[in-house]
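The structure appears right after this line, and notes come after that.
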Amino acid sequence: MTLKQAELRKWPGYAAAVWGLLFAIPSFVWATGSTFGAQSTVSPSLVKLAQDRVPWFVAVLVITGLLKVFGAMVGVSLTRPRGRWLSRTMVFCGGGASILLTWHGGLFVVQGVLVKTGAVAVDPELSNLVGWYLYLWGPWFIVGGIAFAVAAARYVLDRDDRRTLTRYGVVGALGALALSVAAVATGIG
């Protein structure tokens, strides 16, 4: 493999990292009480919580921002060989992130399609947000999920201990799927 080919194989990890950093920015901005970019694209109840700087919601915004920065670190970590423990941890996290993000984005898209086709009704106050969730937020989450999936898969394929790393990725993905299904079943997600 040439040096150029080796460098090209890293792009999914860097894409996941850029995705995480770009997505962290709104969390930190909204945690300051600014609702720049949220007024017309996010549920009014969430906008109000950010504007009022409700402490628990500010904490949620900061924590999710930090998780997105951690996701960026996972993406970068999936671009080059790491030690055994770190490799397993990053593949586990990459597998989990791929499912969490794709699932979440998929829910936005499916719900948006159901509302747009009239199969499901939505509160009139929220009807102008359907397009944002269907065409922006849903696909944005899916793109992030795909970036993490490809980064983790590429990392595993380039290692000698593929079988072990694959198990870690699958466990991360299945854990994320269980968490996602539980969140939907309980009405949290």
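Lettering and numbering for the structure tokens are positional, with chains as A, B, ... in the shown order, residues counted from 1 in each chain, and ligands counted from 1 in the shown order.
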Excluding Ala176 (chain A) and residues on its chain fewer than 2 positions from it, collect all residues at most 7 Å away from it, counting only C-alpha atoms, and give them as number ranges by chain. A: 96, 99-100, 172-174, 178-180
Spatial neighbours of region 133-138 of chain A, max dist 9 Å, only C-alpha atoms, sep filter under 6 positions, as number ranges by chain: A: 41-42, 102, 104-113
Where does DSSP see alpha helix (DSSP H) in region 6-188 of chain A, if you list the residues as number ranges by chain? A: 6-8, 11-31, 44-51, 55-77, 84-116, 130-132, 138-157, 162-186
Close residues, Pro44 (chain A) itself excluded, 12 Å, only C-alpha atoms, min 5 positions apart in chain, as a list in words: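 Contacts, with the query itself left out: Thr35, Ala38, Gln39, Leu49, Ala50, Gln51, Asp123, Pro124, Glu125, Leu126, Ser127, Asn128 and Leu129 of chain A.
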Measuring between only C-alpha atoms, which one of A:Tyr14, A:Trp30, A:Trp132, A:Trp19 shows the shortest distance to Gly145 (chain A)? A:Trp19
